[in-house]
Each structure stands twice: as structure tokens, then as C-alpha cells.
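Visitor: Here you go, one structure.
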Amino acid sequence: MDFSGPSGGRGGDHTVSMDDAPPRRIGPSRADLAALGLTFFALGVTVNVLVLDRVGDVGLTIGAALLINSATTELAYLAVRDAGGTQVAAIIAGWVVASRFGLLAVSLGARLEVGRLHRAAAGLQSFDPNVAVAIQQRTPRDVARVFWRVTAAMHAGWISGVLVGALLGNVIGDSQRFGLDALFPAALLAIIGNLLRQRSGATAAAVGGGLCLVLIPIAPAGVPIIASLVGAVVALRIPDRIESRAT
Amino acid sequence: MTWPIVALLAAGVWAQRLVGMFAGARALERQPALGRLAALIPAAVVMAVIVQLTFVAGGSIRIDARLVGMVVAGVLVWRRAPFVVVVVAAATATALTRLL
């Protein structure tokens, strides 16, 4: 797994001297980006087949996917409505599950050194894979460059998936048959693989994931995801072997 | 779902992303120690999303074929397999488990 590229993995096994490093490839390879694009294509198809089934209108299905720009928000809204919740409860659930994008934007914002407009554009496109990969890069310039490369690959897949899912939804039918629902969590796991190799990252993930699992049966939708933040706070106490960025 | 509801959902999502980006960055300028916390957030939050996608169905916990796919994915990520191998193997393992 080389998703962070040679510059990634601050807790890596060897140190690279900053000044006379040989020319290096920045960020994920083309093959990794293509695979990510395909994953988001499958996600776009899966989610929008489902949304179309509930909404019944192709234009609205496509509009919702592109405007809301958060599949989890759509799914949370529909889940609450399906369970008999009110419009207000469903909308709040949709907002709450998107709060992780706000947190990811904080994380990305900390590593970006760009102008206001660029910053706003990057903030609006903060997703799990592009932020997780971008912040593993070493320099602010690489962070921005890798962020937009991953974003482009993601959206190429997502938008074509949205169109296929919304237009051919009734033809495709049950996407679970192909194991497509395991595609996205597996992709996310591969993306944070490098973070999990560091003690602090592994702690953050174990505590955050564990807390989420415990809370799912008892807390309202969305809350378990936000509560996982505690994992990051706990992991602050875990030192990494190499702290190269001294500030 | 109607257009006004789509607009409301979108407004909430956009606002949170922008607030995170701008307010978060400003807080970090004043409190650089928050930088390490910001770097740990994706590991915690993305793992929570993985847990949710693996164990939840229709609002409650359900252990099914997805877990098999995720175990396969976990082993492959551990062995540093290429991204595409991880993703395809997880989906295949899940689909095959459902056939059993």
C-alpha cells in the first residue's frame, strides 16, 4: 500500500534529508487514483440507485447528489424518514453525519498554505480519502497538489456513478449482490492504512472506532461519528517514535 | 426528498465544511498545539465511518457478510497490498459470503 507516496508516513522507518532529496513522485500513483475513481463510481451507482428508489425523480436524485455533495447526508436523511422520523429530525441527522467533513476541513486547513478562495474551494471538497491522503504529504505545496489530484479522481468516479445510478437505477437492481457495500469501507481502511502504522494513529482509530461501535445502538444517528473525536484526543498522549515536524 | 429539502441539507453541509476550514485554521494559528490533534482526527473519524459502514444496517447493528470483506481488507492492508487489490478482494469476499 503506497497511498501516501514516498513523502508520506511521518512516523516512517527512515528519515529523508530535506535539501538534497532525489526527484520523487508525489502522492498516490495513477493506478491507485484509478482504483479510487472506480470505488467512487461504484459508490455513486449504489447510493443513487437507492436514492432514486425512494425519491422517484431522476432530476432530483442527480441534483441532490451534486448539490449536497455528501452521500452519507442523503443516506442519513432517508434512513430517518424510513424509520418514521419527522422532516426536522431527518434534516438534522443529515447535517450531523456531515459534521465529519467539517472536522476533516479543520485537519486539511491546518496543512494548507493558500489564498482565501482556494481555501474555500478546498473546504467545500473535503472528503475522507482526499484529506486523509493529502495530510500525509510533507510540504504544504504537496498537500494542496495531492489533495486536488485525489479530489479529481474521486469526483470523476462519483459523478459518472451518480449519472449511471440515477439513469439506470431500475435496470441495475440489488447492488448488494456484488458486495459493493463493502467497497467503500475497504477503500477507507486502505487509505488510513499508513496512519494506522503509527502508534498515535492506531490509538486514535481504535478508541474512535470502538466508541462509535458502543454508541451506535444507544445514540441518535450521527452522534457516534462525532463522539469518535475522543479517539484523537486520547491519542494525543501517545508519543510517536519520530516527531520530525518540530514547531 | 424535495428541492427545498435538498437545499436545506446542502446549506448545512456547505456551512460546516467552510466553518471547519476557516475557523479551524484560525484557531490553529493561535494554538499551534492543536495541529497534532488535527492530524489525528482523520484516523479517529474515518475509522468510525468504517465501523458504521461495516456493522450498521437500517439503523441498528447487524453482523453480516460485510464483516468478512472487511477482515480480508484488514489483512491485505496490513500486508501492504495495492489499493485496488484491497478493494476488489473485499467486495469479492463479501459477495461470495452472501452466496453461501
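FYI, nothing fancy with the C-alpha cells labels: chains A, B, ... in order, residues from 1 per chain, ligands from 1 as they appear.
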Skip region 84-98 of chain B itself and residues of its chain fewer than 4 positions away, then list as number ranges by chain all residues within 6 Å of it, counting only C-alpha atoms.
Guide: A: 35, 177-180, 182-183, 186-187; B: 65-66, 69, 72-73, 76
Visitor: For chain B, which residues have at least one atom within 7 Å of chain A, if we go by only C-alpha atoms? Write them as a PDB file with C-alpha atoms, in the first residue's frame, please.
Guide:
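Result went into iface.pdb, see below:
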```
ATOM      1  CA  MET B   1     -36.988  14.408  -0.504  1.00  0.00           C
ATOM      2  CA  TRP B   3     -35.904  20.506  -3.791  1.00  0.00           C
ATOM      3  CA  VAL B   6     -32.139  19.271  -0.822  1.00  0.00           C
ATOM      4  CA  LEU B   9     -29.352  19.711   3.523  1.00  0.00           C
ATOM      5  CA  ALA B  10     -26.819  21.238   1.130  1.00  0.00           C
ATOM      6  CA  GLY B  12     -25.887  22.684   6.309  1.00  0.00           C
ATOM      7  CA  VAL B  13     -23.162  20.590   4.705  1.00  0.00           C
ATOM      8  CA  TRP B  14     -21.546  23.562   2.923  1.00  0.00           C
ATOM      9  CA  GLN B  16     -19.919  23.021   8.191  1.00  0.00           C
ATOM     10  CA  ARG B  17     -17.158  22.499   5.638  1.00  0.00           C
ATOM     11  CA  LEU B  18     -16.457  26.250   5.375  1.00  0.00           C
ATOM     12  CA  VAL B  19     -16.547  26.809   9.135  1.00  0.00           C
ATOM     13  CA  GLY B  20     -14.164  23.889   9.639  1.00  0.00           C
ATOM     14  CA  MET B  21     -11.762  25.220   7.041  1.00  0.00           C
ATOM     15  CA  GLY B  24     -10.363  25.747  12.323  1.00  0.00           C
ATOM     16  CA  ALA B  25      -7.360  27.294  10.579  1.00  0.00           C
ATOM     17  CA  LEU B  28      -4.685  26.628  14.863  1.00  0.00           C
ATOM     18  CA  GLY B  35      -2.030  20.834  14.837  1.00  0.00           C
ATOM     19  CA  LEU B  37      -4.866  16.907  17.158  1.00  0.00           C
ATOM     20  CA  ALA B  38      -5.961  17.923  13.652  1.00  0.00           C
ATOM     21  CA  ALA B  39      -3.565  15.339  12.197  1.00  0.00           C
ATOM     22  CA  LEU B  40      -5.122  12.594  14.355  1.00  0.00           C
ATOM     23  CA  ILE B  41      -8.745  13.470  13.550  1.00  0.00           C
ATOM     24  CA  PRO B  42      -8.927  11.568  10.221  1.00  0.00           C
ATOM     25  CA  ALA B  43      -7.703   8.326  11.801  1.00  0.00           C
ATOM     26  CA  ALA B  44     -10.404   8.501  14.500  1.00  0.00           C
ATOM     27  CA  VAL B  45     -13.288   9.814  12.399  1.00  0.00           C
ATOM     28  CA  VAL B  46     -12.629   7.703   9.297  1.00  0.00           C
ATOM     29  CA  MET B  47     -12.393   4.562  11.458  1.00  0.00           C
ATOM     30  CA  ALA B  48     -15.783   5.452  12.974  1.00  0.00           C
ATOM     31  CA  VAL B  49     -17.215   5.759   9.459  1.00  0.00           C
ATOM     32  CA  ILE B  50     -15.721   2.347   8.607  1.00  0.00           C
ATOM     33  CA  VAL B  51     -17.328   0.837  11.725  1.00  0.00           C
ATOM     34  CA  LEU B  53     -20.488   1.100   7.206  1.00  0.00           C
ATOM     35  CA  THR B  54     -19.436  -2.382   8.350  1.00  0.00           C
ATOM     36  CA  GLY B  58     -31.231   0.020   8.784  1.00  0.00           C
ATOM     37  CA  SER B  60     -29.161  -0.959  14.090  1.00  0.00           C
ATOM     38  CA  ILE B  61     -26.150  -3.239  14.372  1.00  0.00           C
ATOM     39  CA  ARG B  66     -19.594  -7.171   5.070  1.00  0.00           C
ATOM     40  CA  GLY B  69     -14.959  -8.473   3.412  1.00  0.00           C
ATOM     41  CA  MET B  70     -13.503  -6.092   5.980  1.00  0.00           C
ATOM     42  CA  ALA B  73      -9.344  -5.912   3.617  1.00  0.00           C
ATOM     43  CA  VAL B  77      -3.829  -3.511   4.202  1.00  0.00           C
ATOM     44  CA  ARG B  80       0.688  -3.557   2.249  1.00  0.00           C
ATOM     45  CA  ALA B  81      -1.268  -4.890  -0.726  1.00  0.00           C
ATOM     46  CA  PRO B  82      -2.048  -2.377  -3.520  1.00  0.00           C
ATOM     47  CA  PHE B  83      -5.203  -0.305  -3.122  1.00  0.00           C
ATOM     48  CA  VAL B  84      -7.069  -1.944  -5.998  1.00  0.00           C
ATOM     49  CA  VAL B  86      -7.734  -4.464  -1.193  1.00  0.00           C
ATOM     50  CA  VAL B  87     -10.934  -3.017  -2.640  1.00  0.00           C
ATOM     51  CA  ALA B  90     -13.152  -7.049  -0.031  1.00  0.00           C
ATOM     52  CA  ALA B  91     -16.084  -6.790  -2.450  1.00  0.00           C
ATOM     53  CA  THR B  92     -15.458 -10.292  -3.818  1.00  0.00           C
ATOM     54  CA  THR B  94     -18.443 -10.138   0.674  1.00  0.00           C
ATOM     55  CA  ALA B  95     -20.287 -11.247  -2.462  1.00  0.00           C
TER      56      ALA B  95
END
```
Visitor: Could you check the closest approach to Leu117 (chain A) for each of B:Val56, B:Ala7, B:Thr2, B:Phe22 and tell me which residue wins, using only C-alpha atoms?
Guide: B:Phe22
Visitor: Could you pull out the helix (DSSP H, G or I) residues of region 86-231 of chain A, going by DSSP on the backbone, and write them as a ChimeraX atom specification?
Guide: /A:87-97,99-111,116-124,128-134,140-172,175-178,180-191,193-196,199-215,223-227,229-231
Visitor: With C-alpha atoms kept, could you save the residues just selected as a CSV table (one decimal), in the first residue's frame?
Guide:
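To be explicit, this is the file written out as part_32.csv:
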```
chain,number,residue,atom,x,y,z
A,87,GLN,CA,-38.6,16.1,8.4
A,88,VAL,CA,-36.8,18.2,11.0
A,89,ALA,CA,-35.2,15.1,12.7
A,90,ALA,CA,-34.2,13.8,9.3
A,91,ILE,CA,-32.6,17.0,8.2
A,92,ILE,CA,-30.7,17.3,11.5
A,93,ALA,CA,-29.5,13.8,11.1
A,94,GLY,CA,-28.2,14.6,7.6
A,95,TRP,CA,-26.3,17.7,9.0
A,96,VAL,CA,-24.9,15.8,11.9
A,97,VAL,CA,-23.4,13.0,9.9
A,99,SER,CA,-20.0,17.2,10.6
A,100,ARG,CA,-17.1,14.9,10.0
A,101,PHE,CA,-16.4,16.8,6.8
A,102,GLY,CA,-16.2,20.0,8.9
A,103,LEU,CA,-13.6,18.2,11.1
A,104,LEU,CA,-11.7,16.9,8.1
A,105,ALA,CA,-11.7,20.5,6.8
A,106,VAL,CA,-10.1,21.6,10.0
A,107,SER,CA,-7.5,19.0,9.5
A,108,LEU,CA,-6.8,20.0,5.9
A,109,GLY,CA,-6.9,23.7,6.8
A,110,ALA,CA,-4.1,23.2,9.2
A,111,ARG,CA,-1.8,22.0,6.4
A,116,ARG,CA,-9.0,32.5,0.7
A,117,LEU,CA,-10.7,31.4,-2.5
A,118,HIS,CA,-8.5,28.3,-2.9
A,119,ARG,CA,-9.1,27.6,0.8
A,120,ALA,CA,-12.9,27.9,0.4
A,121,ALA,CA,-12.9,25.6,-2.6
A,122,ALA,CA,-10.8,23.0,-0.8
A,123,GLY,CA,-13.0,23.2,2.2
A,124,LEU,CA,-16.1,22.5,0.2
A,128,ASP,CA,-12.4,11.3,3.8
A,129,PRO,CA,-10.0,10.0,1.2
A,130,ASN,CA,-8.6,13.2,-0.2
A,131,VAL,CA,-8.0,14.8,3.2
A,132,ALA,CA,-6.6,11.6,4.7
A,133,VAL,CA,-4.1,11.2,1.8
A,134,ALA,CA,-3.3,15.0,1.5
A,140,PRO,CA,2.1,22.5,2.2
A,141,ARG,CA,2.6,22.6,-1.6
A,142,ASP,CA,2.4,18.8,-1.9
A,143,VAL,CA,-0.6,18.8,0.4
A,144,ALA,CA,-2.5,21.1,-2.0
A,145,ARG,CA,-1.3,19.3,-5.1
A,146,VAL,CA,-2.1,15.8,-3.9
A,147,PHE,CA,-5.5,17.0,-2.4
A,148,TRP,CA,-6.7,18.2,-5.8
A,149,ARG,CA,-5.4,15.2,-7.7
A,150,VAL,CA,-7.2,12.8,-5.4
A,151,THR,CA,-10.3,15.1,-5.5
A,152,ALA,CA,-10.3,15.0,-9.3
A,153,ALA,CA,-10.1,11.2,-9.4
A,154,MET,CA,-12.8,10.9,-6.7
A,155,HIS,CA,-15.2,13.2,-8.5
A,156,ALA,CA,-14.7,11.7,-11.9
A,157,GLY,CA,-15.8,8.4,-10.5
A,158,TRP,CA,-18.6,9.8,-8.2
A,159,ILE,CA,-20.3,12.0,-10.9
A,160,SER,CA,-20.3,9.3,-13.5
A,161,GLY,CA,-21.6,6.9,-10.9
A,162,VAL,CA,-24.3,9.3,-9.9
A,163,LEU,CA,-25.4,9.5,-13.6
A,164,VAL,CA,-25.4,5.8,-14.1
A,165,GLY,CA,-27.1,5.1,-10.8
A,166,ALA,CA,-29.9,7.7,-11.4
A,167,LEU,CA,-30.5,6.9,-15.1
A,168,LEU,CA,-30.2,3.1,-15.0
A,169,GLY,CA,-31.2,2.6,-11.4
A,170,ASN,CA,-34.1,0.3,-12.2
A,171,VAL,CA,-32.0,-1.9,-14.5
A,172,ILE,CA,-29.2,-2.5,-12.0
A,175,SER,CA,-26.2,-3.9,-5.8
A,176,GLN,CA,-25.5,-5.7,-2.5
A,177,ARG,CA,-25.3,-8.9,-4.5
A,178,PHE,CA,-21.9,-7.8,-5.9
A,180,LEU,CA,-20.5,-3.3,-3.4
A,181,ASP,CA,-21.5,-2.2,0.1
A,182,ALA,CA,-18.1,-3.5,1.3
A,183,LEU,CA,-16.2,-1.4,-1.3
A,184,PHE,CA,-16.3,1.9,0.4
A,185,PRO,CA,-15.3,0.8,3.9
A,186,ALA,CA,-12.5,-1.3,2.5
A,187,ALA,CA,-11.3,1.7,0.4
A,188,LEU,CA,-11.3,3.9,3.5
A,189,LEU,CA,-9.4,1.3,5.5
A,190,ALA,CA,-6.7,1.2,2.8
A,191,ILE,CA,-6.5,5.0,2.8
A,193,GLY,CA,-3.5,2.3,6.5
A,194,ASN,CA,-0.4,4.4,6.9
A,195,LEU,CA,-1.9,6.4,9.8
A,196,LEU,CA,-2.7,3.0,11.5
A,199,ARG,CA,1.1,4.3,17.4
A,200,SER,CA,-0.8,7.5,17.8
A,201,GLY,CA,-2.9,6.9,14.7
A,202,ALA,CA,-3.7,3.4,15.7
A,203,THR,CA,-4.8,4.6,19.1
A,204,ALA,CA,-7.0,7.3,17.6
A,205,ALA,CA,-8.6,4.8,15.3
A,206,ALA,CA,-9.1,2.0,17.9
A,207,VAL,CA,-10.6,4.4,20.5
A,208,GLY,CA,-12.7,6.3,17.9
A,209,GLY,CA,-13.9,3.2,16.2
A,210,GLY,CA,-14.6,1.3,19.4
A,211,LEU,CA,-16.6,4.2,20.9
A,212,CYS,CA,-18.6,4.5,17.7
A,213,LEU,CA,-19.5,0.8,17.9
A,214,VAL,CA,-20.6,1.1,21.5
A,215,LEU,CA,-22.7,4.2,20.9
A,223,VAL,CA,-23.6,11.1,17.2
A,224,PRO,CA,-21.4,8.0,17.3
A,225,ILE,CA,-19.3,9.5,14.4
A,226,ILE,CA,-18.8,12.8,16.3
A,227,ALA,CA,-18.0,11.0,19.5
A,229,LEU,CA,-13.3,12.6,18.1
A,230,VAL,CA,-12.5,11.5,21.6
A,231,GLY,CA,-10.1,8.9,20.0
```
Visitor: To test your reading of the structure, identify every residue in chain B that backbone DSSP assigns to strand (DSSP E or B), and report it as a list in words.
Guide: Val56, Ala57, Ser60 and Ile61 of chain B
Visitor: Would you work out the distance separating CA of Gln137 (chain A) from CA of Gly27 (chain A), expressed in Å to one decimal?
Guide: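 Between CA of Gln137 (chain A) and CA of Gly27 (chain A) the gap is 7.1 Å.
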Visitor: Rounded to one decimal in Å, what is the spacing between CA of Gly44 (chain A) and CA of Leu99 (chain B)?
Guide: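 Separating CA of Gly44 (chain A) from CA of Leu99 (chain B) is a distance of 24.1 Å.
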Visitor: So the first atom is CA of Phe41 (chain A) and the second is CA of Val58 (chain A); what is the distance between them in Å, to one decimal place?
Guide: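 So the two atoms, CA of Phe41 (chain A) and CA of Val58 (chain A), lie 17.5 Å apart.
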